[in-house]
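Colleague: Here it is, the structure in full.
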Amino acid sequence: MTRPGYSAISSYSRVQILHVLQKRGQRTVAELCEATDLHPNTVREHLQRLLDGGYIVAETEHRTTRGRPRVLYSTTSDRRGISVISQRKVREAAQRGDLMRRIMPWTNVTDAGLTPDAVHQIDALVEDLGDAGFDPIVDEAELTVDISPCPNAGADPDHRETLCDVHLGLMDGVLAEAGGPLRVDKMAASCDPRNCVVKLMLAQRVPLPA
């Protein structure tokens with residue numbers, strides 16, 4: 001059965017759109033068409049799929065002059081808007097993770113020194129990666145996520161860098177949406193595109209002003 005999240009980002013055209021939004025922030029349909037060379041109707045269809053998957057948000061432009069306000073699109077990690085869908089996915093992942101740890105207590109990873117909110121971040125990340133067609137293996141002690149063999153390994157080499165950038169951005173966005181200390185650090189170097197290990201890090205907390 002095709003999983004909803006996977007179908008939302010299985011198209012390279014949608015990956016292109018996500019890449020533009022990750023790099024350039026809020027964009028209109030016209031700006032996305034110019035950046036991707038896609039037809040406006042095609043861009044609108046892709047944007048709707050990404051909205052339904054919780055990957056992006058739409059916001060109506062606030063105008064102080066006459067004219068029809070434009071719709072601005074951005075990724076959920078931009079924090080310019082709230083995606084109810086992405087929030088629901090994070091919340092349900094934490095609930096399923098808590099249930100699994102109650103039923104199978106040996107799967108509890110707090111022994112690795114992770115706080116409960118970090119554990120819930122991993123819950124959300126694992127589910128999101130699964131929806132995207134990956135089969136992640138998390139090492140909580142080393143803070144690594146092994147998603148080998150990468151399903152994008154056979155992609156056009158010219159597309160691979162964009163695919164990696166987008167997926168790393170999506171992973172970091174999921175961690176940020178879930179809330180907690182974990183963030184994406186980098187992808188471990190590898191000569192084999194089938195091997196993909198992503199390193200996480202504990203983000204430094206900025207002290208509150210006195």
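Naming works like this for the structure tokens: A, B, ... for the chains as they're shown, residue 1 at the start of each chain, ligands 1 onward in shown order.
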What's around stretch 22-36 of chain A at 7 Å? Count only C-alpha atoms, leave out sequence neighbours fewer than 4 positions away in its own chain, and write the answer as a list of chain:residue names.

Modeller: A:Gln16, A:Ile17, A:Leu18, A:Pro40, A:Val43, A:Val71, A:Leu72, A:Tyr73, A:Ser74, A:Thr75

Colleague: Could you find all residues in stretch 13-133 of chain A that DSSP calls alpha helix (DSSP H) from the backbone, and write them as a VMD selection string?

Modeller: chain A and resid 13 to 24 29 to 36 40 to 52 84 to 103 116 to 131

Colleague: Rounded to one decimal, what separation in Å do you get between atom CA of A:Leu182 and atom CA of A:Ala118?

Modeller: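 Atom-to-atom, atom CA of A:Leu182 to atom CA of A:Ala118, that is 6.2 Å.
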
Colleague: Hey, which of A:Arg96, A:Arg44, A:Arg49, A:Arg63 ends up closest to A:Ile9? Count only C-alpha atoms.

Modeller: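 The closest residue to A:Ile9 is A:Arg49.
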
Colleague: Using only C-alpha atoms, which residues of stretch 10-48 of chain A come within 12 Å of stretch 123-135 of chain A, and what is the closest atom pair for each, with the distance in Å to one decimal? Give it as a Markdown table, sorted by chain and residue number.

Modeller:
```
| residue | atom | partner | partner_atom | distance |
| --- | --- | --- | --- | --- |
| A:Ser10 | CA | A:Ala132 | CA | 7.6 |
| A:Ser11 | CA | A:Ala132 | CA | 11.2 |
| A:Val15 | CA | A:Ala132 | CA | 11.7 |
```

Colleague: Extract the full set of strand (DSSP E) residues from chain A according to DSSP on the backbone, and format it as a list in words.

Modeller: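 Those residues are Ile56, Val57, Ala58, Glu59, Thr60, Val71, Leu72, Tyr73, Ser74, Thr75, Ile137, Val138, Asp139, Thr144, Val145, Asp146, Leu182, Arg183, Val184, Asp185, Lys186, Met187, Val197, Val198, Lys199, Leu200, Met201 and Leu202 of chain A.
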
Colleague: Which is closest to A:Met201 among A:Asp185, A:Glu161, A:Asp52, A:Glu177, if we use only C-alpha atoms?

Modeller: A:Asp185

Colleague: Expressed in Å to a single decimal, how great is the separation between atom CA of A:Leu50 and atom CA of A:Asp98?

Modeller: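 The value is 27.9 Å.
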
Colleague: With only C-alpha atoms as the counted atoms, please give the residues lying no more than 10 Å from A:Gly113, apart from itself and same-chain residues fewer than 5 positions off, as a PyMOL selection string.

Modeller: chain A and resi 118-119+140-141

Colleague: Which is closest to A:Tyr12 among A:Ala94, A:Ile85, A:Met104, A:Cys164, if we use only C-alpha atoms?

Modeller: A:Cys164

Colleague: At a cut-off of 6 Å, using only C-alpha atoms, what residues contact stretch 168-175 of chain A? Leave out same-chain residues fewer than 4 positions from it and give the result as a PDB file with N, CA, C and O atoms, in the first residue's frame.

Modeller:
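For reference, selection.pdb as written:
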```pdb
ATOM      1  N   SER A  77       9.192  24.278   8.370  1.00  0.00           N
ATOM      2  CA  SER A  77      10.352  24.586   9.203  1.00  0.00           C
ATOM      3  C   SER A  77      10.661  26.076   9.223  1.00  0.00           C
ATOM      4  O   SER A  77      11.433  26.541  10.063  1.00  0.00           O
ATOM      5  N   GLN A 121      11.024  13.212  19.672  1.00  0.00           N
ATOM      6  CA  GLN A 121      11.562  13.687  18.401  1.00  0.00           C
ATOM      7  C   GLN A 121      11.939  12.513  17.501  1.00  0.00           C
ATOM      8  O   GLN A 121      11.667  12.524  16.294  1.00  0.00           O
ATOM      9  N   ARG A 183      18.793  18.080  16.658  1.00  0.00           N
ATOM     10  CA  ARG A 183      18.766  18.696  15.335  1.00  0.00           C
ATOM     11  C   ARG A 183      19.648  17.865  14.408  1.00  0.00           C
ATOM     12  O   ARG A 183      20.497  17.110  14.851  1.00  0.00           O
ATOM     13  N   VAL A 184      19.454  18.034  13.115  1.00  0.00           N
ATOM     14  CA  VAL A 184      20.309  17.374  12.142  1.00  0.00           C
ATOM     15  C   VAL A 184      21.661  18.068  12.123  1.00  0.00           C
ATOM     16  O   VAL A 184      21.742  19.302  12.082  1.00  0.00           O
TER      17      VAL A 184
END
```
